[in-house]
Amino acid sequence: TLYGISFRYGLRYQDVAVWNGIADPYLIEIGQRLRMMPARAGASALLAVLLAAQLTHHNRQQLARDATVGPALREVYSSLGMPLPPNWNLAAFELRQWGANESAPSSAGAMTVRASLKNGAAFAQPMPLLRLELEDRFGGTVARRDFQPAEYLKVPAQASRLLPAGASTEAELEIVGSTPEAVGYRLDVCLRDENGVIRCAEPVAAAPPSSQAPQ
C-alpha cells in the first residue's frame, strides 16, 4: 500500500501522494513507480515555461495585435520562420464622410475633406491610412493619395497609438494643387501588411499617373 511504502522510507504517505499526483483513497497499482521526493525546482520551472509557451502559441493571434507584446512576439515568430501577421480587420473600420468645403477641388485645386473614423472591431487597431481618390465625371480615378495618420489627425502625436475597440476619431484631409478633371471624390481605409504592401477595404481601381497625384 502507499502507506506501507511511505512508512518504509520514513515519509508521510500524504506527501508521497502529492509528489505523485495520487488522490484519496491513495490507490496504487502493482509495479507502479513512485517518486519518493518532491520534483526539482528546475523541472517545475521548465514545466511552467513550457506551459506559458503553449498558452502563448494558442493565443498568438490575439497577442500579436497587442500594442505591448505584439511587436516582440511577431519578431520571435518571424525569426523562427513562421511569420505572424496580426490580421487587422479593415472591414471593421467605419468611415463616415462629413463632406468637404467644396464638392470638388476649386479652380486653384484646393479642397478640405472631413470624416469620422470608428473602429468597430472587438480589439484595438492601428490608425489606418486614408486613401482619397478624386474622380472625373465618368467616375474614373484621376488622382489618388494615401494620407498618413499624422496628416489627417487633429493631434498628430496620436498617430502611433492604437484606436481602441469601439472608439472614434476625426479626420481632416487637405488637398492643394489637384487636377482640373476632378469633379468628385471617395475615401477608403488602408493598412500596410507584414510585407509593407498597402491593403484597402475597397477594391483598388487603376492607379492614376503619378503626375496627377494630389498634394
# chains A, B, ... in the order shown; residues from 1 in each chain; ligands from 1
$ select_by_dssp --residues "stretch 72-182 of chain A" --states "strand (DSSP E or B)" --output "NGL selection string"
:A and (93-100 or 111-119 or 125-126 or 129-135 or 141-147 or 162-163 or 168-175)
$ residues_around --residues "A:Thr56" --least-positions-apart "6" --cutoff "12 Å" --atoms "only C-alpha atoms" --output "list in words"
Val49, Leu50, Gln62, Leu63, Ala64, Val69, Gly70, Leu73, Arg74, Val76 and Tyr77 of chain A
$ write_last_selection --atoms "N, CA and C atoms" --output "compact mmCIF listing (two decimals), in the first residue's frame"
# COMPACT_ATOMS: atom_id res chain seq x y z
N VAL A 49 7.53 27.12 -17.86
CA VAL A 49 7.90 27.78 -19.11
C VAL A 49 7.20 27.13 -20.30
N LEU A 50 7.19 25.81 -20.30
CA LEU A 50 6.53 25.09 -21.40
C LEU A 50 5.04 25.39 -21.44
N GLN A 62 -4.27 36.76 -31.00
CA GLN A 62 -4.75 37.87 -30.16
C GLN A 62 -3.57 38.65 -29.60
N LEU A 63 -2.52 37.96 -29.16
CA LEU A 63 -1.34 38.63 -28.60
C LEU A 63 -0.60 39.42 -29.66
N ALA A 64 -0.63 38.96 -30.91
CA ALA A 64 0.07 39.66 -31.99
C ALA A 64 -0.51 41.04 -32.23
N VAL A 69 3.04 43.61 -26.30
CA VAL A 69 3.81 42.39 -26.60
C VAL A 69 3.77 42.00 -28.06
N GLY A 70 2.85 42.58 -28.83
CA GLY A 70 2.69 42.20 -30.23
C GLY A 70 3.96 42.30 -31.06
N LEU A 73 6.53 39.64 -30.08
CA LEU A 73 6.05 38.29 -30.40
C LEU A 73 6.15 38.03 -31.89
N ARG A 74 5.77 39.02 -32.71
CA ARG A 74 5.85 38.83 -34.16
C ARG A 74 7.30 38.67 -34.61
N VAL A 76 9.72 37.30 -32.80
CA VAL A 76 10.13 35.95 -32.41
C VAL A 76 9.64 34.93 -33.42
N TYR A 77 8.37 35.00 -33.79
CA TYR A 77 7.81 34.04 -34.74
C TYR A 77 8.48 34.20 -36.11
$ closest_residue --among "A:Leu90, A:Ile28, A:Glu135, A:Leu84" --to "A:His57" --atoms "only C-alpha atoms"
A:Leu84
$ atom_distance --atom1 "atom CA of A:Leu187" --atom2 "atom CA of A:Leu95"
8.1 Å
$ residues_around --residues "A:Leu129" --least-positions-apart "6" --cutoff "6 Å" --atoms "only C-alpha atoms" --output "list in words"
Phe147, Gln148, Val189, Cys190 and Leu191 of chain A
$ atom_distance --atom1 "atom CA of A:Val16" --atom2 "atom CA of A:Pro38"
8.2 Å
$ closest_residue --among "A:Met36, A:Leu117, A:Ala23, A:Ala48" --to "A:Phe7" --atoms "only C-alpha atoms"
A:Met36
$ atom_distance --atom1 "atom CA of A:Gly166" --atom2 "atom CA of A:Ala121"
6.9 Å
$ closest_residue --among "A:Met127, A:Met37, A:Leu132, A:Leu47" --to "A:Thr112" --atoms "only C-alpha atoms"
A:Leu132
$ select_by_dssp --residues "stretch 31-212 of chain A" --states "alpha helix (DSSP H)" --output "PyMOL selection string"
chain A and resi 41-58+60-64+70-79+149-152
$ write_last_selection --atoms "N, CA, C and O atoms" --output "CSV table (one decimal), in the first residue's frame"
chain,number,residue,atom,x,y,z
A,41,ALA,N,13.2,22.0,-8.4
A,41,ALA,CA,12.7,23.3,-8.7
A,41,ALA,C,12.9,23.6,-10.2
A,41,ALA,O,12.1,24.2,-10.9
A,42,GLY,N,14.1,23.1,-10.8
A,42,GLY,CA,14.3,23.3,-12.2
A,42,GLY,C,13.3,22.7,-13.1
A,42,GLY,O,12.9,23.3,-14.1
A,43,ALA,N,12.9,21.5,-12.7
A,43,ALA,CA,11.9,20.8,-13.5
A,43,ALA,C,10.6,21.5,-13.5
A,43,ALA,O,9.8,21.6,-14.5
A,44,SER,N,10.2,22.0,-12.3
A,44,SER,CA,9.0,22.8,-12.1
A,44,SER,C,9.0,24.1,-13.0
A,44,SER,O,8.0,24.4,-13.6
A,45,ALA,N,10.2,24.7,-12.9
A,45,ALA,CA,10.3,25.9,-13.7
A,45,ALA,C,10.2,25.7,-15.2
A,45,ALA,O,9.6,26.4,-15.9
A,46,LEU,N,10.8,24.5,-15.6
A,46,LEU,CA,10.8,24.2,-17.0
A,46,LEU,C,9.3,23.9,-17.4
A,46,LEU,O,8.9,24.3,-18.5
A,47,LEU,N,8.6,23.2,-16.6
A,47,LEU,CA,7.2,22.9,-16.9
A,47,LEU,C,6.4,24.2,-17.0
A,47,LEU,O,5.5,24.3,-17.8
A,48,ALA,N,6.7,25.1,-16.1
A,48,ALA,CA,6.0,26.4,-16.1
A,48,ALA,C,6.3,27.2,-17.4
A,48,ALA,O,5.4,27.8,-18.0
A,49,VAL,N,7.5,27.1,-17.9
A,49,VAL,CA,7.9,27.8,-19.1
A,49,VAL,C,7.2,27.1,-20.3
A,49,VAL,O,6.7,27.8,-21.2
A,50,LEU,N,7.2,25.8,-20.3
A,50,LEU,CA,6.5,25.1,-21.4
A,50,LEU,C,5.0,25.4,-21.4
A,50,LEU,O,4.4,25.5,-22.5
A,51,LEU,N,4.4,25.5,-20.3
A,51,LEU,CA,3.0,25.8,-20.2
A,51,LEU,C,2.7,27.2,-20.7
A,51,LEU,O,1.8,27.4,-21.5
A,52,ALA,N,3.6,28.1,-20.3
A,52,ALA,CA,3.4,29.5,-20.8
A,52,ALA,C,3.6,29.6,-22.3
A,52,ALA,O,2.9,30.3,-23.0
A,53,ALA,N,4.6,28.9,-22.8
A,53,ALA,CA,4.8,28.9,-24.3
A,53,ALA,C,3.6,28.3,-25.0
A,53,ALA,O,3.2,28.8,-26.1
A,54,GLN,N,3.0,27.2,-24.4
A,54,GLN,CA,1.8,26.6,-25.0
A,54,GLN,C,0.6,27.6,-25.0
A,54,GLN,O,-0.1,27.7,-26.0
A,55,LEU,N,0.4,28.3,-23.9
A,55,LEU,CA,-0.7,29.3,-23.9
A,55,LEU,C,-0.4,30.4,-24.8
A,55,LEU,O,-1.3,30.9,-25.5
A,56,THR,N,0.9,30.9,-24.9
A,56,THR,CA,1.2,32.0,-25.8
A,56,THR,C,0.9,31.6,-27.3
A,56,THR,O,0.3,32.3,-28.0
A,57,HIS,N,1.3,30.3,-27.6
A,57,HIS,CA,1.1,29.9,-29.0
A,57,HIS,C,-0.4,29.7,-29.3
A,57,HIS,O,-0.9,30.1,-30.4
A,58,HIS,N,-1.2,29.3,-28.3
A,58,HIS,CA,-2.6,29.1,-28.5
A,58,HIS,C,-3.3,30.4,-28.7
A,58,HIS,O,-4.2,30.5,-29.5
A,60,ARG,N,-1.7,33.2,-29.8
A,60,ARG,CA,-0.8,34.1,-30.6
A,60,ARG,C,-1.4,35.1,-31.4
A,60,ARG,O,-0.9,36.2,-31.5
A,61,GLN,N,-2.6,34.8,-32.0
A,61,GLN,CA,-3.2,35.8,-32.9
A,61,GLN,C,-3.7,37.0,-32.2
A,61,GLN,O,-3.5,38.2,-32.6
A,62,GLN,N,-4.3,36.8,-31.0
A,62,GLN,CA,-4.7,37.9,-30.2
A,62,GLN,C,-3.6,38.7,-29.6
A,62,GLN,O,-3.6,39.9,-29.6
A,63,LEU,N,-2.5,38.0,-29.2
A,63,LEU,CA,-1.3,38.6,-28.6
A,63,LEU,C,-0.6,39.4,-29.7
A,63,LEU,O,0.0,40.5,-29.4
A,64,ALA,N,-0.6,39.0,-30.9
A,64,ALA,CA,0.1,39.7,-32.0
A,64,ALA,C,-0.5,41.0,-32.2
A,64,ALA,O,0.2,41.9,-32.7
A,70,GLY,N,2.8,42.6,-28.8
A,70,GLY,CA,2.7,42.2,-30.2
A,70,GLY,C,4.0,42.3,-31.1
A,70,GLY,O,4.4,41.3,-31.7
A,71,PRO,N,4.6,43.5,-31.1
A,71,PRO,CA,5.8,43.6,-31.9
A,71,PRO,C,6.9,42.6,-31.6
A,71,PRO,O,7.5,42.0,-32.5
A,72,ALA,N,7.2,42.4,-30.3
A,72,ALA,CA,8.2,41.4,-29.9
A,72,ALA,C,7.8,40.0,-30.3
A,72,ALA,O,8.6,39.2,-30.7
A,73,LEU,N,6.5,39.6,-30.1
A,73,LEU,CA,6.1,38.3,-30.4
A,73,LEU,C,6.1,38.0,-31.9
A,73,LEU,O,6.6,36.9,-32.3
A,74,ARG,N,5.8,39.0,-32.7
A,74,ARG,CA,5.9,38.8,-34.2
A,74,ARG,C,7.3,38.7,-34.6
A,74,ARG,O,7.6,37.9,-35.5
A,75,GLU,N,8.2,39.4,-33.9
A,75,GLU,CA,9.6,39.2,-34.3
A,75,GLU,C,10.2,37.8,-33.9
A,75,GLU,O,10.9,37.3,-34.7
A,76,VAL,N,9.7,37.3,-32.8
A,76,VAL,CA,10.1,36.0,-32.4
A,76,VAL,C,9.6,34.9,-33.4
A,76,VAL,O,10.4,34.1,-33.9
A,77,TYR,N,8.4,35.0,-33.8
A,77,TYR,CA,7.8,34.0,-34.7
A,77,TYR,C,8.5,34.2,-36.1
A,77,TYR,O,8.7,33.2,-36.8
A,78,SER,N,8.8,35.4,-36.5
A,78,SER,CA,9.5,35.6,-37.8
A,78,SER,C,10.9,35.0,-37.8
A,78,SER,O,11.3,34.4,-38.8
A,79,SER,N,11.6,35.1,-36.6
A,79,SER,CA,12.9,34.6,-36.6
A,79,SER,C,12.9,33.0,-36.6
A,79,SER,O,13.9,32.4,-37.0
A,149,PRO,N,-1.7,58.8,-40.9
A,149,PRO,CA,-2.5,59.3,-39.7
A,149,PRO,C,-2.0,60.7,-39.2
A,149,PRO,O,-2.8,61.5,-38.8
A,150,ALA,N,-0.7,60.9,-39.2
A,150,ALA,CA,-0.2,62.2,-38.7
A,150,ALA,C,-0.6,63.4,-39.6
A,150,ALA,O,-0.6,64.5,-39.1
A,151,GLU,N,-1.1,63.0,-40.8
A,151,GLU,CA,-1.5,64.1,-41.7
A,151,GLU,C,-3.0,64.4,-41.6
A,151,GLU,O,-3.4,65.6,-41.9
A,152,TYR,N,-3.8,63.5,-41.1
A,152,TYR,CA,-5.2,63.8,-41.0
A,152,TYR,C,-5.7,63.9,-39.6
A,152,TYR,O,-6.9,64.4,-39.4
$ closest_residue --among "A:Ser116, A:Gln32, A:Ser6, A:Gln14" --to "A:Thr169" --atoms "only C-alpha atoms"
A:Ser116
$ residues_around --residues "A:Arg65" --least-positions-apart "5" --cutoff "9 Å" --atoms "only C-alpha atoms" --output "list in words"
Arg60, Gly70, Pro71, Pro85, Pro86, Asn87, Trp88, Phe123, Ala124 and Gln125 of chain A
$ write_last_selection --atoms "all heavy atoms" --output "PDB file, in the first residue's frame"
ATOM      1  N   ARG A  60      -1.731  33.235 -29.845  1.00  0.00           N
ATOM      2  CA  ARG A  60      -0.759  34.053 -30.571  1.00  0.00           C
ATOM      3  C   ARG A  60      -1.411  35.138 -31.423  1.00  0.00           C
ATOM      4  O   ARG A  60      -0.884  36.241 -31.534  1.00  0.00           O
ATOM      5  CB  ARG A  60       0.137  33.163 -31.432  1.00  0.00           C
ATOM      6  CG  ARG A  60      -0.592  32.384 -32.525  1.00  0.00           C
ATOM      7  CD  ARG A  60       0.322  31.342 -33.159  1.00  0.00           C
ATOM      8  NE  ARG A  60      -0.327  30.592 -34.230  1.00  0.00           N
ATOM      9  CZ  ARG A  60      -1.165  29.596 -34.045  1.00  0.00           C
ATOM     10  NH1 ARG A  60      -1.488  29.208 -32.824  1.00  0.00           N
ATOM     11  NH2 ARG A  60      -1.711  28.958 -35.063  1.00  0.00           N
ATOM     12  N   GLY A  70       2.848  42.580 -28.829  1.00  0.00           N
ATOM     13  CA  GLY A  70       2.691  42.196 -30.228  1.00  0.00           C
ATOM     14  C   GLY A  70       3.957  42.300 -31.065  1.00  0.00           C
ATOM     15  O   GLY A  70       4.353  41.335 -31.728  1.00  0.00           O
ATOM     16  N   PRO A  71       4.631  43.471 -31.081  1.00  0.00           N
ATOM     17  CA  PRO A  71       5.832  43.594 -31.928  1.00  0.00           C
ATOM     18  C   PRO A  71       6.906  42.569 -31.590  1.00  0.00           C
ATOM     19  O   PRO A  71       7.500  41.967 -32.487  1.00  0.00           O
ATOM     20  CB  PRO A  71       6.300  45.031 -31.627  1.00  0.00           C
ATOM     21  CG  PRO A  71       5.050  45.758 -31.227  1.00  0.00           C
ATOM     22  CD  PRO A  71       4.249  44.741 -30.455  1.00  0.00           C
ATOM     23  N   PRO A  85       1.356  37.510 -38.890  1.00  0.00           N
ATOM     24  CA  PRO A  85       0.675  38.782 -39.152  1.00  0.00           C
ATOM     25  C   PRO A  85      -0.442  38.989 -38.144  1.00  0.00           C
ATOM     26  O   PRO A  85      -1.099  38.031 -37.713  1.00  0.00           O
ATOM     27  CB  PRO A  85       0.120  38.602 -40.576  1.00  0.00           C
ATOM     28  CG  PRO A  85      -0.016  37.116 -40.732  1.00  0.00           C
ATOM     29  CD  PRO A  85       1.111  36.514 -39.939  1.00  0.00           C
ATOM     30  N   PRO A  86      -0.670  40.226 -37.723  1.00  0.00           N
ATOM     31  CA  PRO A  86      -1.702  40.479 -36.714  1.00  0.00           C
ATOM     32  C   PRO A  86      -3.132  40.334 -37.222  1.00  0.00           C
ATOM     33  O   PRO A  86      -4.073  40.327 -36.438  1.00  0.00           O
ATOM     34  CB  PRO A  86      -1.417  41.928 -36.292  1.00  0.00           C
ATOM     35  CG  PRO A  86      -0.728  42.534 -37.477  1.00  0.00           C
ATOM     36  CD  PRO A  86       0.085  41.429 -38.088  1.00  0.00           C
ATOM     37  N   ASN A  87      -3.305  40.240 -38.548  1.00  0.00           N
ATOM     38  CA  ASN A  87      -4.648  40.082 -39.122  1.00  0.00           C
ATOM     39  C   ASN A  87      -5.600  41.183 -38.665  1.00  0.00           C
ATOM     40  O   ASN A  87      -6.638  40.920 -38.078  1.00  0.00           O
ATOM     41  CB  ASN A  87      -5.236  38.702 -38.773  1.00  0.00           C
ATOM     42  CG  ASN A  87      -4.584  37.583 -39.555  1.00  0.00           C
ATOM     43  OD1 ASN A  87      -3.880  37.823 -40.527  1.00  0.00           O
ATOM     44  ND2 ASN A  87      -4.802  36.358 -39.135  1.00  0.00           N
ATOM     45  N   TRP A  88      -5.214  42.413 -38.929  1.00  0.00           N
ATOM     46  CA  TRP A  88      -6.114  43.526 -38.623  1.00  0.00           C
ATOM     47  C   TRP A  88      -7.369  43.407 -39.487  1.00  0.00           C
ATOM     48  O   TRP A  88      -7.330  42.869 -40.589  1.00  0.00           O
ATOM     49  CB  TRP A  88      -5.424  44.855 -38.921  1.00  0.00           C
ATOM     50  CG  TRP A  88      -4.117  45.051 -38.236  1.00  0.00           C
ATOM     51  CD1 TRP A  88      -2.899  45.214 -38.823  1.00  0.00           C
ATOM     52  CD2 TRP A  88      -3.877  45.114 -36.821  1.00  0.00           C
ATOM     53  NE1 TRP A  88      -1.925  45.361 -37.876  1.00  0.00           N
ATOM     54  CE2 TRP A  88      -2.493  45.311 -36.640  1.00  0.00           C
ATOM     55  CE3 TRP A  88      -4.693  45.012 -35.693  1.00  0.00           C
ATOM     56  CZ2 TRP A  88      -1.902  45.415 -35.383  1.00  0.00           C
ATOM     57  CZ3 TRP A  88      -4.108  45.118 -34.436  1.00  0.00           C
ATOM     58  CH2 TRP A  88      -2.738  45.315 -34.285  1.00  0.00           C
ATOM     59  N   PHE A 123     -11.182  44.479 -30.986  1.00  0.00           N
ATOM     60  CA  PHE A 123      -9.834  44.692 -30.477  1.00  0.00           C
ATOM     61  C   PHE A 123      -9.296  46.002 -31.038  1.00  0.00           C
ATOM     62  O   PHE A 123      -9.806  46.531 -32.033  1.00  0.00           O
ATOM     63  CB  PHE A 123      -8.917  43.529 -30.885  1.00  0.00           C
ATOM     64  CG  PHE A 123      -9.028  43.152 -32.342  1.00  0.00           C
ATOM     65  CD1 PHE A 123      -8.321  43.823 -33.327  1.00  0.00           C
ATOM     66  CD2 PHE A 123      -9.879  42.124 -32.724  1.00  0.00           C
ATOM     67  CE1 PHE A 123      -8.445  43.481 -34.656  1.00  0.00           C
ATOM     68  CE2 PHE A 123     -10.011  41.762 -34.061  1.00  0.00           C
ATOM     69  CZ  PHE A 123      -9.290  42.451 -35.029  1.00  0.00           C
ATOM     70  N   ALA A 124      -8.275  46.538 -30.376  1.00  0.00           N
ATOM     71  CA  ALA A 124      -7.670  47.789 -30.829  1.00  0.00           C
ATOM     72  C   ALA A 124      -6.941  47.569 -32.146  1.00  0.00           C
ATOM     73  O   ALA A 124      -6.391  46.494 -32.402  1.00  0.00           O
ATOM     74  CB  ALA A 124      -6.702  48.307 -29.767  1.00  0.00           C
ATOM     75  N   GLN A 125      -6.924  48.611 -32.998  1.00  0.00           N
ATOM     76  CA  GLN A 125      -6.273  48.520 -34.294  1.00  0.00           C
ATOM     77  C   GLN A 125      -5.450  49.779 -34.547  1.00  0.00           C
ATOM     78  O   GLN A 125      -5.726  50.839 -33.982  1.00  0.00           O
ATOM     79  CB  GLN A 125      -7.297  48.358 -35.417  1.00  0.00           C
ATOM     80  CG  GLN A 125      -8.174  47.120 -35.317  1.00  0.00           C
ATOM     81  CD  GLN A 125      -8.754  46.727 -36.659  1.00  0.00           C
ATOM     82  OE1 GLN A 125      -8.169  45.959 -37.404  1.00  0.00           O
ATOM     83  NE2 GLN A 125      -9.939  47.248 -36.978  1.00  0.00           N
TER      84      GLN A 125
END
$ closest_residue --among "A:Gln97, A:Asn195, A:Thr141, A:Ser160" --to "A:Pro128" --atoms "only C-alpha atoms"
A:Ser160
$ residues_around --residues "A:Leu34" --least-positions-apart "5" --cutoff "9 Å" --atoms "only C-alpha atoms" --output "PDB file with C-alpha atoms, in the first residue's frame"
ATOM      1  CA  VAL A  16       4.214  10.867  -1.380  1.00  0.00           C
ATOM      2  CA  ALA A  17       0.676  11.084  -2.729  1.00  0.00           C
ATOM      3  CA  TRP A  19       4.523  14.167  -5.291  1.00  0.00           C
ATOM      4  CA  ASN A  20       2.954  11.504  -7.488  1.00  0.00           C
TER       5      ASN A  20
END
